[in-house]
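Down below is the structure, laid out as C-alpha cells.
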Amino acid sequence: MNLHNLLPEATRMEKWSVVQCPACRNCHGTRTRARQCPHCGQTLTSSTPIVATADSAAQLRIEVALANTPEEIRDELRRKLEASEQPLVAINSTSPRRLYTLIVERAGESGLIRRNDVEEVLLKVESDMDADDLLDQLEINGTIIRRQDGTWQLLE
C-alpha cells in the first residue's frame, strides 16, 4: 500500500508560491493566493505574477531570497544557499517573546532581575541590544517595575 495515495490531493500537491507585488515589486512566499502584499499592503489579485514555486518551506526561503536579489548575482547566491547546511536565520533574530521568556527564567521564583541578568541573557542570544534599552522598554510596556534597590520586579 502506498501511503502517498492515502493523502488528500491538496496535501500531496501542496506547493508554495513566490509572488511579486506589482506595486512595490517585492517578492514574498505564500501557500495560498496572497490577498495583500506584506511589504506595501497593496491588494493582490488573481493575476499577481507567480515567479517561482517550491516543494518545501526550506526551498521557499531560498526562492524568495533569490527573487529579491539582482539577476546578475542569483546563480552565485543559489549555489551558496543550497550548499549551506544551516537554515537561513536573520542575524539577531531573537524575538521579544524569547527574550522575555529568558528573562523570566533568569528571575526565577523571586521575580527579581538585575541589570547584569539582562546583560547575560542578551549575551546568551548574541544580541547587540543594550541592556538598559531593553529594561526601559520592559518598563514602558508595564512588564517590570524599577525598585529602589537597583533591581526590577516582574509584574506579569
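In the C-alpha cells, each chain is lettered A, B, ... as it comes, each chain's residues begin at 1, and ligands are numbered from 1 in order of appearance.
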Give me every alpha helix (DSSP H) residue in chain A, going by DSSP on the backbone, as JSON, numbers by chain. {"A": [9, 10, 11, 12, 13, 57, 58, 59, 60, 61, 62, 63, 64, 65, 66, 67, 74, 75, 76, 77, 78, 79, 80, 81, 82, 83, 96, 97, 98, 99, 100, 101, 102, 103, 104, 105, 106, 107, 115, 116, 117, 118, 119, 120, 121, 122, 123, 124, 131, 132, 133, 134, 135, 136, 137, 138, 139, 140]}
Mind writing the picked residues with C-alpha atoms as a CSV table (one decimal), in the first residue's frame?
chain,number,residue,atom,x,y,z
A,9,GLU,CA,-4.9,15.5,-3.3
A,10,ALA,CA,-4.4,19.1,-1.9
A,11,THR,CA,-1.8,17.8,0.7
A,12,ARG,CA,0.1,15.7,-1.9
A,13,MET,CA,0.2,18.6,-4.4
A,57,ALA,CA,9.4,25.7,3.3
A,58,ALA,CA,13.2,25.5,3.2
A,59,GLN,CA,13.2,25.7,-0.6
A,60,LEU,CA,10.7,28.6,-0.4
A,61,ARG,CA,13.1,30.6,1.7
A,62,ILE,CA,15.8,30.2,-1.0
A,63,GLU,CA,13.4,31.1,-3.8
A,64,VAL,CA,12.1,34.2,-2.1
A,65,ALA,CA,15.7,35.3,-1.4
A,66,LEU,CA,16.6,34.7,-5.0
A,67,ALA,CA,13.6,36.5,-6.3
A,74,ARG,CA,21.3,35.0,-8.4
A,75,ASP,CA,23.2,32.0,-9.7
A,76,GLU,CA,26.1,32.5,-7.3
A,77,LEU,CA,23.7,33.1,-4.4
A,78,ARG,CA,21.7,30.0,-5.3
A,79,ARG,CA,24.9,27.9,-5.2
A,80,LYS,CA,25.8,29.3,-1.8
A,81,LEU,CA,22.3,28.9,-0.3
A,82,GLU,CA,21.8,25.4,-1.5
A,83,ALA,CA,25.3,24.3,-0.3
A,96,PRO,CA,10.9,39.9,22.1
A,97,ARG,CA,8.9,36.9,23.4
A,98,ARG,CA,12.0,34.7,23.5
A,99,LEU,CA,13.9,37.5,25.3
A,100,TYR,CA,11.1,37.9,27.9
A,101,THR,CA,11.0,34.1,28.5
A,102,LEU,CA,14.7,34.0,29.1
A,103,ILE,CA,14.5,37.0,31.5
A,104,VAL,CA,11.6,35.3,33.4
A,105,GLU,CA,13.7,32.1,33.7
A,106,ARG,CA,16.6,34.1,34.9
A,107,ALA,CA,14.5,35.9,37.5
A,115,ARG,CA,20.9,44.7,35.0
A,116,ASN,CA,23.6,42.0,34.8
A,117,ASP,CA,20.9,39.3,34.5
A,118,VAL,CA,19.6,41.1,31.4
A,119,GLU,CA,23.2,41.5,30.1
A,120,GLU,CA,23.8,37.8,30.4
A,121,VAL,CA,20.5,37.0,28.6
A,122,LEU,CA,21.5,39.3,25.7
A,123,LEU,CA,25.0,37.8,25.6
A,124,LYS,CA,23.5,34.3,25.6
A,131,ALA,CA,20.5,46.0,28.5
A,132,ASP,CA,19.4,49.5,29.6
A,133,ASP,CA,17.3,49.9,26.4
A,134,LEU,CA,15.6,46.5,27.0
A,135,LEU,CA,14.9,47.3,30.6
A,136,ASP,CA,13.5,50.7,29.6
A,137,GLN,CA,11.2,49.0,27.0
A,138,LEU,CA,10.1,46.4,29.6
A,139,GLU,CA,9.2,49.3,32.0
A,140,ILE,CA,7.3,51.2,29.3
Point out the residue among A:Val125, A:Val51, A:Ile145, A:Ile73 with the least atom-to-atom distance to Cys27 of chain A, counting only C-alpha atoms.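 Comparing A:Val125, A:Val51, A:Ile145, A:Ile73 against Cys27 of chain A, the winner is A:Val51.
Distance check against Cys37 of chain A using only C-alpha atoms: of A:Pro49, A:Glu109, A:Asn141, A:Ala23, the minimum falls on A:Ala23.
Proximity to Thr143 of chain A was assessed for A:Thr45, A:Asp55, A:Ile113, A:Pro22 counting only C-alpha atoms; the smallest distance is recorded for A:Ile113.
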Atomic separation - atom CA of His28 of chain A relative to atom CA of Trp16 of chain A, Å: 10.3 Å
Out of chain A, which residues get strand (DSSP E) from DSSP, as a list in words?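 Selecting the strand (DSSP E) positions of chain A gives Trp16, Ser17, Val18, Val19, Gln20, Cys27, His28, Gly29, Thr30, Ile50, Val51, Ala52, Thr53, Ala54, Leu112, Ile113, Ile144, Ile145, Arg146, Trp152, Gln153 and Leu154 of chain A.
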Write the residues of the selection above to a file with N, CA and C atoms, as a PDB file, in the first residue's frame.
ATOM      1  N   TRP A  16       4.392  25.789  -2.420  1.00  0.00           N
ATOM      2  CA  TRP A  16       4.465  27.176  -2.009  1.00  0.00           C
ATOM      3  C   TRP A  16       4.753  27.987  -3.264  1.00  0.00           C
ATOM      4  N   SER A  17       4.254  29.197  -3.266  1.00  0.00           N
ATOM      5  CA  SER A  17       4.468  30.080  -4.407  1.00  0.00           C
ATOM      6  C   SER A  17       5.223  31.320  -3.968  1.00  0.00           C
ATOM      7  N   VAL A  18       6.032  31.832  -4.856  1.00  0.00           N
ATOM      8  CA  VAL A  18       6.685  33.124  -4.665  1.00  0.00           C
ATOM      9  C   VAL A  18       5.972  34.076  -5.602  1.00  0.00           C
ATOM     10  N   VAL A  19       5.333  35.095  -5.027  1.00  0.00           N
ATOM     11  CA  VAL A  19       4.596  36.065  -5.838  1.00  0.00           C
ATOM     12  C   VAL A  19       5.286  37.421  -5.785  1.00  0.00           C
ATOM     13  N   GLN A  20       5.113  38.175  -6.853  1.00  0.00           N
ATOM     14  CA  GLN A  20       5.713  39.503  -6.930  1.00  0.00           C
ATOM     15  C   GLN A  20       4.610  40.555  -6.949  1.00  0.00           C
ATOM     16  N   CYS A  27       9.063  40.461  -3.696  1.00  0.00           N
ATOM     17  CA  CYS A  27       8.536  39.101  -3.754  1.00  0.00           C
ATOM     18  C   CYS A  27       8.408  38.549  -2.342  1.00  0.00           C
ATOM     19  N   HIS A  28       7.403  37.706  -2.147  1.00  0.00           N
ATOM     20  CA  HIS A  28       7.228  37.022  -0.874  1.00  0.00           C
ATOM     21  C   HIS A  28       6.598  35.658  -1.129  1.00  0.00           C
ATOM     22  N   GLY A  29       6.714  34.788  -0.138  1.00  0.00           N
ATOM     23  CA  GLY A  29       6.192  33.439  -0.274  1.00  0.00           C
ATOM     24  C   GLY A  29       4.801  33.312   0.310  1.00  0.00           C
ATOM     25  N   THR A  30       4.048  32.370  -0.248  1.00  0.00           N
ATOM     26  CA  THR A  30       2.697  32.114   0.235  1.00  0.00           C
ATOM     27  C   THR A  30       2.295  30.682  -0.093  1.00  0.00           C
ATOM     28  N   ILE A  50       3.246  34.820 -10.363  1.00  0.00           N
ATOM     29  CA  ILE A  50       3.966  33.827  -9.565  1.00  0.00           C
ATOM     30  C   ILE A  50       5.317  33.669 -10.242  1.00  0.00           C
ATOM     31  N   VAL A  51       6.388  33.985  -9.519  1.00  0.00           N
ATOM     32  CA  VAL A  51       7.717  33.969 -10.136  1.00  0.00           C
ATOM     33  C   VAL A  51       8.464  32.674  -9.883  1.00  0.00           C
ATOM     34  N   ALA A  52       8.010  31.895  -8.885  1.00  0.00           N
ATOM     35  CA  ALA A  52       8.657  30.614  -8.609  1.00  0.00           C
ATOM     36  C   ALA A  52       7.733  29.793  -7.724  1.00  0.00           C
ATOM     37  N   THR A  53       7.994  28.492  -7.673  1.00  0.00           N
ATOM     38  CA  THR A  53       7.279  27.610  -6.759  1.00  0.00           C
ATOM     39  C   THR A  53       8.309  26.796  -5.996  1.00  0.00           C
ATOM     40  N   ALA A  54       7.880  26.246  -4.870  1.00  0.00           N
ATOM     41  CA  ALA A  54       8.774  25.448  -4.042  1.00  0.00           C
ATOM     42  C   ALA A  54       7.991  24.284  -3.455  1.00  0.00           C
ATOM     43  N   LEU A 112      12.659  38.809  40.609  1.00  0.00           N
ATOM     44  CA  LEU A 112      13.568  39.964  40.630  1.00  0.00           C
ATOM     45  C   LEU A 112      14.655  39.784  39.582  1.00  0.00           C
ATOM     46  N   ILE A 113      14.961  40.874  38.881  1.00  0.00           N
ATOM     47  CA  ILE A 113      16.062  40.837  37.914  1.00  0.00           C
ATOM     48  C   ILE A 113      16.981  42.022  38.157  1.00  0.00           C
ATOM     49  N   ILE A 144       7.784  45.215  33.846  1.00  0.00           N
ATOM     50  CA  ILE A 144       8.598  45.265  35.056  1.00  0.00           C
ATOM     51  C   ILE A 144       8.433  46.631  35.717  1.00  0.00           C
ATOM     52  N   ILE A 145       8.807  46.688  36.971  1.00  0.00           N
ATOM     53  CA  ILE A 145       8.813  47.964  37.696  1.00  0.00           C
ATOM     54  C   ILE A 145      10.150  48.081  38.425  1.00  0.00           C
ATOM     55  N   ARG A 146      10.725  49.271  38.341  1.00  0.00           N
ATOM     56  CA  ARG A 146      12.027  49.529  38.960  1.00  0.00           C
ATOM     57  C   ARG A 146      11.849  49.663  40.474  1.00  0.00           C
ATOM     58  N   TRP A 152      14.697  45.106  39.412  1.00  0.00           N
ATOM     59  CA  TRP A 152      13.387  45.256  38.785  1.00  0.00           C
ATOM     60  C   TRP A 152      12.535  44.075  39.188  1.00  0.00           C
ATOM     61  N   GLN A 153      11.262  44.322  39.376  1.00  0.00           N
ATOM     62  CA  GLN A 153      10.305  43.269  39.715  1.00  0.00           C
ATOM     63  C   GLN A 153       9.449  42.977  38.497  1.00  0.00           C
ATOM     64  N   LEU A 154       9.374  41.692  38.120  1.00  0.00           N
ATOM     65  CA  LEU A 154       8.479  41.280  37.036  1.00  0.00           C
ATOM     66  C   LEU A 154       7.045  41.426  37.500  1.00  0.00           C
TER      67      LEU A 154
END
